[in-house]
>>> print(open('final34.txt').read())   # compact mmCIF, C-alpha atoms
# COMPACT_ATOMS: atom_id res chain seq x y z
CA MET A 8 23.51 22.08 -10.91
CA LEU A 9 20.48 20.30 -9.72
CA ARG A 10 19.44 18.16 -12.53
CA PHE A 11 15.92 18.27 -11.46
CA ILE A 12 15.59 14.67 -10.76
CA LEU A 13 14.02 15.16 -7.55
CA VAL A 14 11.25 12.93 -6.51
CA ALA A 15 11.90 9.39 -7.08
CA VAL A 16 11.72 7.40 -3.89
CA MET A 17 8.01 7.28 -3.45
CA ALA A 18 6.05 8.99 -6.09
CA LEU A 19 7.11 10.48 -9.34
CA ILE A 20 9.50 8.20 -11.10
CA THR A 21 9.77 5.34 -8.68
CA VAL A 22 13.22 4.27 -9.79
CA THR A 23 13.60 0.67 -8.70
CA SER A 24 16.60 -1.57 -9.13
CA SER A 25 14.86 -3.57 -11.84
CA ASP A 26 14.06 -0.69 -14.16
CA ALA A 27 16.96 1.66 -13.52
CA SER A 28 19.78 -0.43 -14.93
CA GLN A 29 20.59 1.85 -17.85
CA VAL A 30 19.64 5.18 -16.29
CA PHE A 31 21.46 6.34 -13.18
CA PRO A 32 19.82 9.60 -12.10
CA GLN A 33 21.88 12.52 -10.89
CA PHE A 34 21.63 12.82 -7.13
CA TYR A 35 21.58 16.29 -5.59
CA LYS A 36 21.65 18.33 -2.46
CA ILE A 37 18.92 20.85 -3.20
CA LYS A 38 17.23 23.92 -1.82
CA VAL A 39 13.45 23.78 -2.10
CA THR A 40 11.39 26.96 -1.96
CA LEU A 41 7.68 26.58 -1.22
CA THR A 42 4.88 28.86 -2.41
CA ASN A 43 4.42 30.11 1.17
CA GLY A 44 7.99 31.45 1.16
CA ASN A 45 9.49 28.78 3.40
CA SER A 46 12.56 26.91 2.21
CA MET A 47 14.63 23.88 3.23
CA GLU A 48 17.63 21.92 2.05
CA GLY A 49 17.82 18.18 1.54
CA TYR A 50 18.68 15.39 -0.87
CA SER A 51 16.70 14.09 -3.82
CA TRP A 52 16.83 12.89 -7.41
CA GLY A 53 13.42 13.22 -8.93
CA LEU A 54 11.66 15.36 -11.52
CA SER A 55 13.68 14.03 -14.43
CA TRP A 56 10.70 11.84 -15.31
CA MET A 57 9.25 14.96 -16.98
CA GLY A 58 11.95 15.01 -19.65
CA GLY A 59 12.74 11.32 -19.82
CA VAL A 60 16.26 9.99 -20.27
CA SER A 61 17.54 13.15 -21.98
CA LEU A 62 16.82 15.25 -18.89
CA GLN A 63 18.10 12.58 -16.52
CA GLU A 64 21.49 12.80 -18.20
CA LYS A 65 21.76 16.57 -17.68
CA LYS A 66 22.80 18.59 -14.67
CA VAL A 67 20.16 21.14 -13.78
CA GLN A 68 20.88 24.46 -12.14
CA SER A 69 17.32 25.31 -11.16
CA ALA A 70 13.71 24.48 -11.86
CA ILE A 71 10.72 26.79 -11.45
CA LEU A 72 7.34 25.14 -10.96
CA LYS A 73 3.89 26.48 -11.72
CA VAL A 74 0.56 24.67 -11.51
CA GLU A 75 -2.50 25.94 -13.39
CA LYS A 76 -5.70 24.03 -14.05
CA GLU A 77 -4.07 20.87 -12.68
CA ILE A 78 -1.19 21.08 -15.17
CA LEU A 79 2.34 21.26 -13.81
CA ALA A 80 4.79 23.35 -15.85
CA ALA A 81 8.46 23.12 -14.91
CA THR A 82 11.06 25.46 -16.42
CA PHE A 83 14.60 24.10 -16.23
CA THR A 84 17.85 26.05 -16.47
CA PHE A 85 21.30 24.48 -16.90
CA PRO A 86 24.82 25.56 -15.89
CA GLY A 87 26.50 27.68 -18.57
CA ASP A 88 23.46 27.57 -20.84
CA GLN A 89 21.20 30.57 -21.48
CA ASN A 90 18.45 28.38 -22.91
CA THR A 91 15.64 26.93 -20.83
CA GLU A 92 13.51 23.84 -21.25
CA VAL A 93 9.85 23.68 -20.26
CA TYR A 94 7.98 20.45 -19.58
CA ASN A 95 4.29 20.03 -18.80
CA GLN A 96 2.66 17.15 -16.98
CA PRO A 97 -0.58 16.56 -15.05
CA ALA A 98 -0.24 17.68 -11.44
CA LYS A 99 -1.90 14.42 -10.38
CA ASP A 100 -0.86 10.85 -11.08
CA ASP A 101 -2.93 8.18 -12.82
CA GLU A 102 -4.73 7.43 -9.54
CA GLY A 103 -5.73 11.06 -9.11
CA LYS A 104 -3.30 11.70 -6.27
CA PRO A 105 -1.26 14.94 -6.22
CA ARG A 106 2.30 14.40 -7.40
CA THR A 107 4.81 15.07 -4.68
CA LEU A 108 8.43 16.04 -4.22
CA VAL A 109 10.36 13.72 -1.89
CA VAL A 110 13.28 15.27 0.00
CA ALA A 111 15.52 13.40 2.42
CA SER A 112 17.36 15.07 5.29
CA GLN A 113 20.11 12.42 5.30
CA TYR A 114 21.75 10.14 2.77
CA GLU A 115 24.49 7.55 2.68
CA MET A 116 26.41 6.48 -0.41
CA PHE A 117 27.68 3.00 -1.21
CA GLU A 118 29.73 1.91 -4.22
CA SER A 119 29.40 -1.45 -5.92
CA SER A 120 32.66 -3.39 -6.13
CA SER A 121 31.66 -6.23 -8.42
CA GLY A 122 29.41 -7.37 -11.25
CA SER A 123 27.94 -5.31 -14.06
CA THR A 124 27.44 -2.35 -11.71
CA LYS A 125 31.06 -2.21 -10.50
CA GLY A 126 31.90 1.38 -9.58
CA ALA A 127 28.26 2.49 -9.66
CA LYS A 128 26.96 4.55 -6.74
CA PHE A 129 23.90 3.61 -4.74
CA TYR A 130 22.13 5.72 -2.15
CA VAL A 131 20.13 5.10 0.98
CA VAL A 132 18.09 8.06 2.21
CA ASN A 133 16.51 8.76 5.58
CA GLY A 134 14.37 11.47 7.11
CA ILE A 135 12.06 11.62 4.11
CA MET A 136 9.50 14.40 3.72
CA GLU A 137 6.95 14.72 0.93
CA TYR A 138 5.81 18.05 -0.49
CA PRO A 139 2.87 18.34 -2.93
CA LEU A 140 4.19 19.89 -6.14
CA VAL A 141 1.42 22.49 -6.03
CA GLU A 142 3.20 23.84 -2.93
CA VAL A 143 6.67 23.92 -4.51
CA SER A 144 7.69 27.05 -6.43
CA ARG A 145 11.42 26.54 -7.04
CA ILE A 146 14.24 24.04 -6.71
CA ASP A 147 17.91 25.03 -6.80
CA THR A 148 20.99 22.84 -6.79
CA VAL A 149 23.26 23.29 -3.80
CA GLU A 150 25.60 20.43 -4.70
CA VAL A 151 25.75 17.68 -7.31
CA ILE A 152 26.37 14.42 -5.49
CA GLY A 153 26.64 12.31 -8.65
CA LYS A 154 24.83 9.57 -10.49
CA GLY A 155 23.27 6.74 -8.57
CA ILE A 156 20.10 4.82 -7.79
CA GLY A 157 18.24 4.29 -4.58
CA ILE A 158 18.39 0.97 -2.74
CA SER A 159 17.12 -0.46 0.50
CA ASP A 160 19.38 -0.49 3.54
CA PRO A 161 22.46 -2.57 2.61
CA SER A 162 23.87 -2.77 6.14
CA LYS A 163 23.02 -6.47 6.59
CA TRP A 164 24.84 -7.36 3.39
CA LEU A 165 27.87 -5.19 4.17
CA ASN A 166 28.16 -5.96 7.88
CA LEU A 167 27.49 -9.70 7.91
CA THR A 168 30.45 -11.48 9.49
CA GLU A 169 31.68 -14.93 8.56
CA PRO A 170 30.99 -17.77 8.43
CA TYR A 171 28.94 -17.26 5.26
CA ILE A 172 29.35 -18.14 1.61
CA VAL A 173 28.46 -16.12 -1.47
CA VAL A 174 26.28 -18.08 -3.87
CA GLU A 175 24.08 -17.42 -6.88
CA ASP A 176 20.50 -16.26 -6.79
CA CYS A 177 19.06 -18.89 -9.09
CA GLY A 178 16.35 -16.55 -10.34
CA LEU A 179 18.24 -13.34 -11.10
CA GLY A 180 21.78 -14.65 -11.30
CA CYS A 181 22.90 -12.14 -8.65
CA ASN A 182 24.96 -12.85 -5.55
CA VAL A 183 23.38 -14.02 -2.30
CA LYS A 184 25.06 -14.55 1.04
CA MET A 185 24.12 -17.85 2.63
CA TYR A 186 24.67 -17.98 6.38
CA SER A 187 23.34 -19.58 9.54
CA ARG A 188 22.14 -18.10 12.79
CA ASP A 189 23.71 -21.16 14.41
CA LYS A 190 27.27 -19.96 15.05
CA ASP A 191 28.50 -23.56 15.37
CA ILE A 192 27.89 -24.21 11.66
CA THR A 193 31.08 -23.76 9.68
CA LYS A 194 31.72 -22.31 6.27
CA ASP A 195 32.54 -25.80 4.98
CA THR A 196 29.18 -27.06 6.21
CA LEU A 197 27.38 -24.23 4.44
CA GLN A 198 29.22 -25.04 1.22
CA ARG A 199 28.33 -28.74 1.53
CA LEU A 200 24.66 -27.95 2.11
CA TRP A 201 24.65 -25.59 -0.87
CA ASP A 202 26.28 -28.11 -3.18
CA GLN A 203 24.05 -30.93 -2.01
CA TYR A 204 20.64 -29.30 -1.71
CA PHE A 205 20.46 -25.64 -2.77
CA ALA A 206 22.66 -25.25 -5.86
CA CYS A 207 20.64 -24.06 -8.85
CA GLY A 208 21.05 -27.34 -10.74
CA ARG A 209 19.81 -29.31 -7.75
CA ARG A 210 16.59 -27.43 -7.13
CA SER A 211 13.18 -28.73 -8.12
CA ASN A 212 9.63 -28.61 -6.84
CA ALA A 213 10.07 -32.20 -5.73
CA ASN A 214 12.73 -31.35 -3.14
CA LYS A 215 11.29 -28.01 -2.05
CA LYS A 216 9.94 -29.50 1.20
CA ASP A 217 13.31 -31.08 2.00
CA ARG A 218 15.10 -27.77 1.39
CA SER A 219 12.73 -25.97 3.75
CA SER A 220 13.37 -28.60 6.41
CA ILE A 221 17.14 -28.25 6.02
CA GLU A 222 16.89 -24.45 6.21
CA GLU A 223 14.88 -24.67 9.43
CA ARG A 224 17.08 -27.32 11.03
CA ASN A 225 20.31 -25.46 10.23
CA LYS A 226 18.88 -21.97 10.80
CA ILE A 227 19.92 -20.93 7.30
CA GLU A 228 19.09 -17.47 5.96
CA TRP A 229 19.84 -15.60 2.75
CA ILE A 230 20.75 -11.96 2.09
CA SER A 231 20.51 -10.72 -1.50
CA ASP A 232 23.13 -8.38 -2.92
CA PRO A 233 21.46 -4.92 -2.78
CA PHE A 234 23.86 -3.64 -5.45
CA CYS A 235 22.70 -6.17 -8.05
CA VAL A 236 20.81 -4.43 -10.86
CA ASP A 237 19.13 -6.23 -13.76
>>> encode(input="final34.txt", output="structure tokens")
Amino acid sequence: MLRFILVAVMALITVTSSDASQVFPQFYKIKVTLTNGNSMEGYSWGLSWMGGVSLQEKKVQSAILKVEKEILAATFTFPGDQNTEVYNQPAKDDEGKPRTLVVASQYEMFESSSGSTKGAKFYVVNGIMEYPLVEVSRIDTVEVIGKGIGISDPSKWLNLTEPYIVVEDCGLGCNVKMYSRDKDITKDTLQRLWDQYFACGRRSNANKKDRSSIEERNKIEWISDPFCVD
């Protein structure tokens, strides 16, 4: 049940938060077999770029890769379906670099609790290894983890302790946590500073210097909501 969506993080599809809002790739634990006979298990979500959205919405049981004359052919099989689908793509990207398969040895799942992505799953992966696709012969699904998109480490957002306030990112409209490294500054003070100087309706190029001075004097920092997706 692999849903051959296996490369994403660095090379193939590069699913970022800004362009993945409507497509949440299936995330898998996979077994990768190399052309030299070696194999390993890990986590990934990446070759669905070959079949576009239609393939990203399917669960894939296995994918067999073959590269000839710099053309990558991938044959996909699906659970409970005798039919196969074959997709062909150049084995190198637009910059002439070999396409790679990215596999992570560890992953952590987080679930959004608010906004338009409420209930959506997001993943952070670690222990990443890249394998040139010319060296990959087969990919099998060990476990379907579920749909989700990759994000940067959300630990700062999740583990930040009060006092802080949640405000609006005036550019994207997403949530931002406003806090101070000065532990003597209260939540009420943060709210007053926001209302007086940083609220979206109060910002202008004319007061940009003043805002920077206030940030520095009050040791104010901002952490964007990593679960916010355009």
>>> atom_distance(input="final34.txt", atom1="CA of Ala206 in chain A", atom2="CA of Lys190 in chain A")
22.1 Å
>>> closest_residue(input="final34.txt", among="A:Ile152, A:Ile230, A:Val39, A:Ala81", to="Val109 in chain A", atoms="only C-alpha atoms")
A:Val39
>>> atom_distance(input="final34.txt", atom1="CA of Asn45 in chain A", atom2="CA of Tyr138 in chain A")
12.0 Å
>>> atom_distance(input="final34.txt", atom1="CA of Lys154 in chain A", atom2="CA of Cys235 in chain A")
16.1 Å
>>> residues_around(input="final34.txt", residues="Met116 in chain A", least_positions_apart="6", cutoff="9 Å", atoms="only C-alpha atoms", output="list of chain:residue names")
A:Lys128, A:Phe129, A:Tyr130, A:Val131, A:Val132, A:Gly155
>>> residues_around(input="final34.txt", residues="range 171-186 of chain A", least_positions_apart="4", cutoff="12 Å", atoms="all atoms listed in the file", output="number ranges by chain")
A: 25, 121-124, 163-167, 190-202, 205-211, 222, 225-237
>>> residues_around(input="final34.txt", residues="Pro105 in chain A", least_positions_apart="3", cutoff="12 Å", atoms="all atoms listed in the file", output="PyMOL selection string")
chain A and resi 18-19+74+77-79+96-102+108+137-142
>>> write_last_selection(input="final34.txt", atoms="C-alpha atoms", output="mmCIF file, in the coordinates of the input")
data_model
loop_
_atom_site.group_PDB
_atom_site.id
_atom_site.type_symbol
_atom_site.label_atom_id
_atom_site.label_comp_id
_atom_site.auth_asym_id
_atom_site.auth_seq_id
_atom_site.Cartn_x
_atom_site.Cartn_y
_atom_site.Cartn_z
ATOM 1 C CA ALA A 18 6.050 8.990 -6.090
ATOM 2 C CA LEU A 19 7.110 10.480 -9.340
ATOM 3 C CA VAL A 74 0.560 24.670 -11.510
ATOM 4 C CA GLU A 77 -4.070 20.870 -12.680
ATOM 5 C CA ILE A 78 -1.190 21.080 -15.170
ATOM 6 C CA LEU A 79 2.340 21.260 -13.810
ATOM 7 C CA GLN A 96 2.660 17.150 -16.980
ATOM 8 C CA PRO A 97 -0.580 16.560 -15.050
ATOM 9 C CA ALA A 98 -0.240 17.680 -11.440
ATOM 10 C CA LYS A 99 -1.900 14.420 -10.380
ATOM 11 C CA ASP A 100 -0.860 10.850 -11.080
ATOM 12 C CA ASP A 101 -2.930 8.180 -12.820
ATOM 13 C CA GLU A 102 -4.730 7.430 -9.540
ATOM 14 C CA LEU A 108 8.430 16.040 -4.220
ATOM 15 C CA GLU A 137 6.950 14.720 0.930
ATOM 16 C CA TYR A 138 5.810 18.050 -0.490
ATOM 17 C CA PRO A 139 2.870 18.340 -2.930
ATOM 18 C CA LEU A 140 4.190 19.890 -6.140
ATOM 19 C CA VAL A 141 1.420 22.490 -6.030
ATOM 20 C CA GLU A 142 3.200 23.840 -2.930
#
